[in-house]
Number of protein chains: 4
Amino acid sequence: MTSIGFVGIGNMGLPMVRNLLKAGHPVHAFDVRGEAVTDAVAAGATAAASAAAAARQGDVLITMLPNSPHVETAYLGPGGVLEGSRRGLTCVDMSTIDPATTRRVGAELARVGARMVDAPVSGGVPRAVEGTLTIMVGGDDEVVAVVRPVLAVMGQNVVHVGPLGSGEVAKICNNLLAGVSMIAAAEAFTIGIRAGVDPKVLHQVIRTSSGHCWAIEHNCPVPGLAPKSASNQGFAPGFMTDLMAKDLSLARAAARDLGVTCFTGTLAHELYVLASRHGLGGKDFSAVIQLLSGEGGPRRV
Amino acid sequence: MTSIGFVGIGNMGLPMVRNLLKAGHPVHAFDVRGEAVTDAVAAGATAAASAAAAARQGDVLITMLPNSPHVETAYLGPGGVLEGSRRGLTCVDMSTIDPATTRRVGAELARVGARMVDAPVSGGVPRAVEGTLTIMVGGDDEVVAVVRPVLAVMGQNVVHVGPLGSGEVAKICNNLLAGVSMIAAAEAFTIGIRAGVDPKVLHQVIRTSSGHCWAIEHNCPVPGLAPKSASNQGFAPGFMTDLMAKDLSLARAAARDLGVTCFTGTLAHELYVLASRHGLGGKDFSAVIQLLSGEGGPRRV
Amino acid sequence: MTSIGFVGIGNMGLPMVRNLLKAGHPVHAFDVRGEAVTDAVAAGATAAASAAAAARQGDVLITMLPNSPHVETAYLGPGGVLEGSRRGLTCVDMSTIDPATTRRVGAELARVGARMVDAPVSGGVPRAVEGTLTIMVGGDDEVVAVVRPVLAVMGQNVVHVGPLGSGEVAKICNNLLAGVSMIAAAEAFTIGIRAGVDPKVLHQVIRTSSGHCWAIEHNCPVPGLAPKSASNQGFAPGFMTDLMAKDLSLARAAARDLGVTCFTGTLAHELYVLASRHGLGGKDFSAVIQLLSGEGGPRRV
Amino acid sequence: MTSIGFVGIGNMGLPMVRNLLKAGHPVHAFDVRGEAVTDAVAAGATAAASAAAAARQGDVLITMLPNSPHVETAYLGPGGVLEGSRRGLTCVDMSTIDPATTRRVGAELARVGARMVDAPVSGGVPRAVEGTLTIMVGGDDEVVAVVRPVLAVMGQNVVHVGPLGSGEVAKICNNLLAGVSMIAAAEAFTIGIRAGVDPKVLHQVIRTSSGHCWAIEHNCPVPGLAPKSASNQGFAPGFMTDLMAKDLSLARAAARDLGVTCFTGTLAHELYVLASRHGLGGKDFSAVIQLLSGEGGPRRV
């Protein structure tokens, strides 16, 4: 079995490690937080002393980190992946970051003969647990072929989007849609409920009409309507408001660099930033409904 | 078979009439535009001289009109439905209008013993043609029971939402989501395509991820990706930009009256109004991508 | 001296009544709240039993009310101004309302020979107290000539804008600008202060540059920078958030009816509505900075 | 007289050079475009062969460039200012750029003993011509004291904001307000004019009310109302739409880095980007009214 180095054992990383272990892969785990490594070890992984060590011990090195600067540090900083890299190592960055950073890190790795793909994911913690993530991969055909069996352990839908960085672009575009439609869903339900419509019926109507979207089906901001929604569990993430704000910030930056508009994404970004300022940053992004209603959620549900 | 009076033979009304005729219902058709009546007659309907006449000749009187003032005039104006109403008549307003107007018209009809439901639809012209509309019905149980067999001819999914006016509320909430996510889809694809990602792959990714929404699946603003999309036919409607602007205006008004926010709906409303000022009012609402790209659509597709 | 009937003795109405009394006008005051009449009487007015009575006792009847429905009721409802109207009475509605309501009320008054102007004001409570309001008047030349001396007691700048209703249009356009630039000022100062710039220097720079606006000079959302700002007094109004939301709602409605865009006004409207939901509705509209900062104001000031 | 090196002879730089020459300063001019240098020489400057040469020949080296990357290249690139720097040289960057770039360039200059201030300006081409710019200066007291007499030749209002980078922060905050209120002004006038109010009267009202702002007084988007407005000259800049978009992009980036909201600035940014996509990028930023009206400007003016 392919030996895996894994850097970044957070809400997403830990269940991904569990699925790799369950599939029989030895996993060498590192995180800057010691207790995160402890969690991985409890699940059956062995502890790595640094990102470089994890890279040395794995055939494939996977990173799952919050944002571009963390990825840059984990790969290129002291004790980073680059120090443990060599010809034959394949790196898979599953973080959602700026595609330009992806390409810069990939170029550094190429200088020592290591190869890289970007492979950000969609689906949040529930699908990371189930091993049913959607994974958007950017990289050369032969490198993607190498890592595909490993990715298939964590995700049910592994799509090769294009060259290095393309996975990130696809992820950013996807999350732009997800972040905007969550807010639209929150506002639509708030209006409907305040106008006296039964939320269950409203949900049933929208599910089968042109207002249908992922949030309605899988992460409804109104509790009690869709199974597995974070709203059913007090908005425990799931996918945190601060992470959605980060992804929308990446979308804005991409739009700016390309000279195109991003009206909806920028409005949504501002609202998630405001939600964060009002204490909702660590909750699931569907908690934006609490900011909008101004009272911890719609009155009637 | 139930005899139908039908007022309002437009892009939506005409295929609805055709489906009623095909199911064996005699239809008495009226429209303020004579040529619209001619179309209905060519399809097998008989011409009615006025809305009042259509009401007199039908057991069920259906209206399908652009907005609140047209409904008010068609029911309460000279030669209107009210003049042809009596105990035993059931009126079905399938227009998307302000719920307050619905309730006012319903109260007037009740004074002469006629009954009313509101039954706005979702799905646009293609599903009107197929008879597979989603229909959101507001009204008393026994009245809804009377008209349900007739509605089932035009729609595949007939949902009783609640009391009179509730159908309109549900429709407005649904279209708020539909109108917002269309613009988010247009911006997401514009970013992705300009960043060099193959639109077909991007489409495939988003379809199976958290960015999924009705527009992606059924009316993609980028041509060549989803069958039956208006963008595949030069943005021929479908559901016109000006109608979407109208529905979002209803959502804004509802939010204002309820004292709740509608950030996403108001931004979308402004963009559809701007699209209309730039000549796109009569095209499908997915044509908003042409406004946003500033060049008749994204360069690469 | 011209005898005045005055209906609506609120935060604005009371100081206006005081200025009329000080200038020697007898004032017959009415308000639906009895204690408001008591305040006016304490200032030297006589109490009127109804709006109709105030109209009967005055040569000029002034109204200063929250919104269109209040004006409609005060003029056309039971015991309203219309009942006390006759040839020779001149009515001056100084409320900020929908211009269509203005014209409808004016038409009813004309049927009994009374005349009307609309005369909404700008400047808030401080300038109402000083008698230095800006007053925007809509009406026929000769009617405006009649009321101008009375208006000059309350305002320093009395502008005849055009025919009946034009005062309201001008007021709505003005407040659209005021409401938007307040939020832009709040965001600009929040950015500058968090970035470490001394707010006093920042204020001095913007005052003399292209960012200059009324809020900067007269009602700065950051305390300690501009004299008489509501922020200096814990955001005591001044001009309440809920009233600004109302005026922006009128601007949106006007834009919708005219088929033109109102991007900035609608965004500002949503933010004031959200501020209201977060408990700021009764504070000065500059308190929107507290919503935006998420902590009762920027940290450093 | 202080000898000046001047890099960046564009719409702004050329009149600034003229004022320096008129005040008796020898100017050594460089621009990457040869014809720009020719313009400066025609005005009385001498040509410098590179930014480094301009730095060598001046006691004070001034740069006036489009954005952060141009500044980085002009100072730190091959043949750049750094190559011509030495103890005793004072650099003045009058460009509007990212404050972080300012600080990075300043640190490089400090290593060779040269000193730096940032000194972005407000007022556009007309006030550059008159020598009445507002200049926002960031830097140490003694360095600011050195350059103040030179700055006084170009601007009437020279404000020392704080340490290096503070001038940029102040400029960005100011332009956020300027960019937002221009769009609000455009929308307010479009509404008022379409509603039938005389634009001259509307202008007079807003000037003296709470809607007052710099755009109303100095650069009104409706032609014929304010002297020296770009709209009076077919929207010839003035201050170009693309530059305003750039400045608002800097404001957004600052807000993002600080974790605060920028609702108004981001909406305005999107609208200027859209205006640029519709061909208005090279016109004055007040031309955004043409985008909004959808017809090259409001119908009635």
# chains A, B, ... in the order shown; residues from 1 in each chain; ligands from 1
>>> residues_around(residues="range 267-281 of chain A", least_positions_apart="4", cutoff="7 Å", atoms="only C-alpha atoms", output="PDB file with C-alpha atoms, in the first residue's frame")
ATOM      1  CA  GLY A 179     -21.642  30.977  -0.414  1.00  0.00           C
ATOM      2  CA  VAL A 180     -24.038  33.178  -2.335  1.00  0.00           C
ATOM      3  CA  MET A 240     -17.017  27.472   9.129  1.00  0.00           C
ATOM      4  CA  THR A 241     -18.134  31.005   8.319  1.00  0.00           C
ATOM      5  CA  ASP A 242     -14.508  32.170   8.461  1.00  0.00           C
ATOM      6  CA  ALA A 245     -15.209  34.200   3.961  1.00  0.00           C
ATOM      7  CA  LEU A 248     -15.004  34.185  -1.236  1.00  0.00           C
ATOM      8  CA  SER A 249     -11.995  36.418  -0.733  1.00  0.00           C
ATOM      9  CA  PHE A 263     -21.051  41.342  -7.537  1.00  0.00           C
ATOM     10  CA  ALA A 287     -25.335  30.588  10.708  1.00  0.00           C
ATOM     11  CA  VAL A 288     -25.318  33.740   8.592  1.00  0.00           C
ATOM     12  CA  LEU A 291     -26.835  37.700  11.565  1.00  0.00           C
TER      13      LEU A 291
ATOM     14  CA  LEU C 292     -20.488  47.382  10.850  1.00  0.00           C
ATOM     15  CA  SER C 293     -17.765  47.205  13.459  1.00  0.00           C
ATOM     16  CA  GLY C 294     -19.666  44.502  15.317  1.00  0.00           C
TER      17      GLY C 294
ATOM     18  CA  GLY D 259     -10.996  41.928   8.849  1.00  0.00           C
ATOM     19  CA  VAL D 260     -13.505  44.768   8.536  1.00  0.00           C
ATOM     20  CA  THR D 261     -16.361  45.372   6.138  1.00  0.00           C
ATOM     21  CA  CYS D 262     -16.324  47.433   2.976  1.00  0.00           C
ATOM     22  CA  PHE D 263     -19.854  46.941   1.633  1.00  0.00           C
TER      23      PHE D 263
END
>>> residues_around(residues="range 181-190 of chain D", least_positions_apart="6", cutoff="6 Å", atoms="only C-alpha atoms", output="ChimeraX atom specification")
/C:173,177,181,262,264 /D:215,221,289
>>> write_last_selection(atoms="all heavy atoms", output="compact mmCIF listing (two decimals), in the first residue's frame")
# COMPACT_ATOMS: atom_id res chain seq x y z
N CYS C 173 -34.14 62.12 -3.13
CA CYS C 173 -32.84 62.06 -3.82
C CYS C 173 -31.73 62.51 -2.87
O CYS C 173 -30.64 61.93 -2.83
CB CYS C 173 -32.86 62.92 -5.07
SG CYS C 173 -33.97 62.29 -6.33
N LEU C 177 -28.45 60.13 -1.11
CA LEU C 177 -27.03 60.49 -1.02
C LEU C 177 -26.56 60.51 0.44
O LEU C 177 -25.47 60.02 0.76
CB LEU C 177 -26.80 61.86 -1.66
CG LEU C 177 -26.32 61.80 -3.10
CD1 LEU C 177 -26.57 63.12 -3.81
CD2 LEU C 177 -24.82 61.48 -3.14
N SER C 181 -23.69 57.93 1.83
CA SER C 181 -22.37 58.45 2.18
C SER C 181 -22.08 58.28 3.66
O SER C 181 -20.91 58.17 4.06
CB SER C 181 -22.17 59.88 1.68
OG SER C 181 -23.20 60.72 2.10
N CYS C 262 -30.86 51.68 -8.53
CA CYS C 262 -30.60 52.34 -7.25
C CYS C 262 -29.71 51.40 -6.42
O CYS C 262 -30.02 51.06 -5.29
CB CYS C 262 -31.93 52.63 -6.55
SG CYS C 262 -31.77 53.69 -5.11
N THR C 264 -26.78 51.74 -4.93
CA THR C 264 -26.22 52.22 -3.66
C THR C 264 -27.31 52.41 -2.62
O THR C 264 -27.13 52.04 -1.45
CB THR C 264 -25.49 53.56 -3.87
OG1 THR C 264 -26.37 54.48 -4.52
CG2 THR C 264 -24.24 53.37 -4.72
N ALA D 215 -18.63 65.32 -5.17
CA ALA D 215 -19.07 65.12 -6.56
C ALA D 215 -20.11 66.17 -6.95
O ALA D 215 -20.09 66.70 -8.07
CB ALA D 215 -19.64 63.71 -6.74
N PRO D 221 -21.93 64.34 -12.14
CA PRO D 221 -22.06 63.44 -13.29
C PRO D 221 -23.09 63.92 -14.32
O PRO D 221 -23.08 63.42 -15.45
CB PRO D 221 -22.49 62.11 -12.65
CG PRO D 221 -23.10 62.48 -11.34
CD PRO D 221 -22.36 63.71 -10.88
N ILE D 289 -22.32 57.13 -14.73
CA ILE D 289 -23.75 57.45 -14.95
C ILE D 289 -24.21 56.91 -16.31
O ILE D 289 -25.38 56.58 -16.48
CB ILE D 289 -24.02 58.97 -14.84
CG1 ILE D 289 -25.51 59.22 -14.60
CG2 ILE D 289 -23.50 59.72 -16.04
CD1 ILE D 289 -25.85 60.67 -14.26
>>> select_by_dssp(residues="range 7-249 of chain B", states="strand (DSSP E or B)", output="count of residues only")
37
>>> residues_around(residues="Thr96 in chain B", least_positions_apart="6", cutoff="10 Å", atoms="only C-alpha atoms", output="NGL selection string")
:B and (64-68 or 71 or 102 or 118-122 or 167-169 or 171-172 or 243 or 246-247 or 250)
>>> residues_around(residues="Gly211 in chain C", least_positions_apart="6", cutoff="7 Å", atoms="only C-alpha atoms", output="count of residues only")
5
>>> atom_distance(atom1="CA of Gly265 in chain B", atom2="CA of Thr266 in chain C")
10.2 Å
>>> atom_distance(atom1="CA of Pro15 in chain C", atom2="CA of Asp39 in chain C")
10.3 Å
>>> closest_residue(among="C:Pro99, C:Gly34, C:Pro126, C:Gly162", to="Asp198 in chain D", atoms="only C-alpha atoms")
C:Gly162
>>> residues_around(residues="Phe30 in chain C", least_positions_apart="6", cutoff="6 Å", atoms="only C-alpha atoms", output="PyMOL selection string")
chain C and resi 7+37+48+50
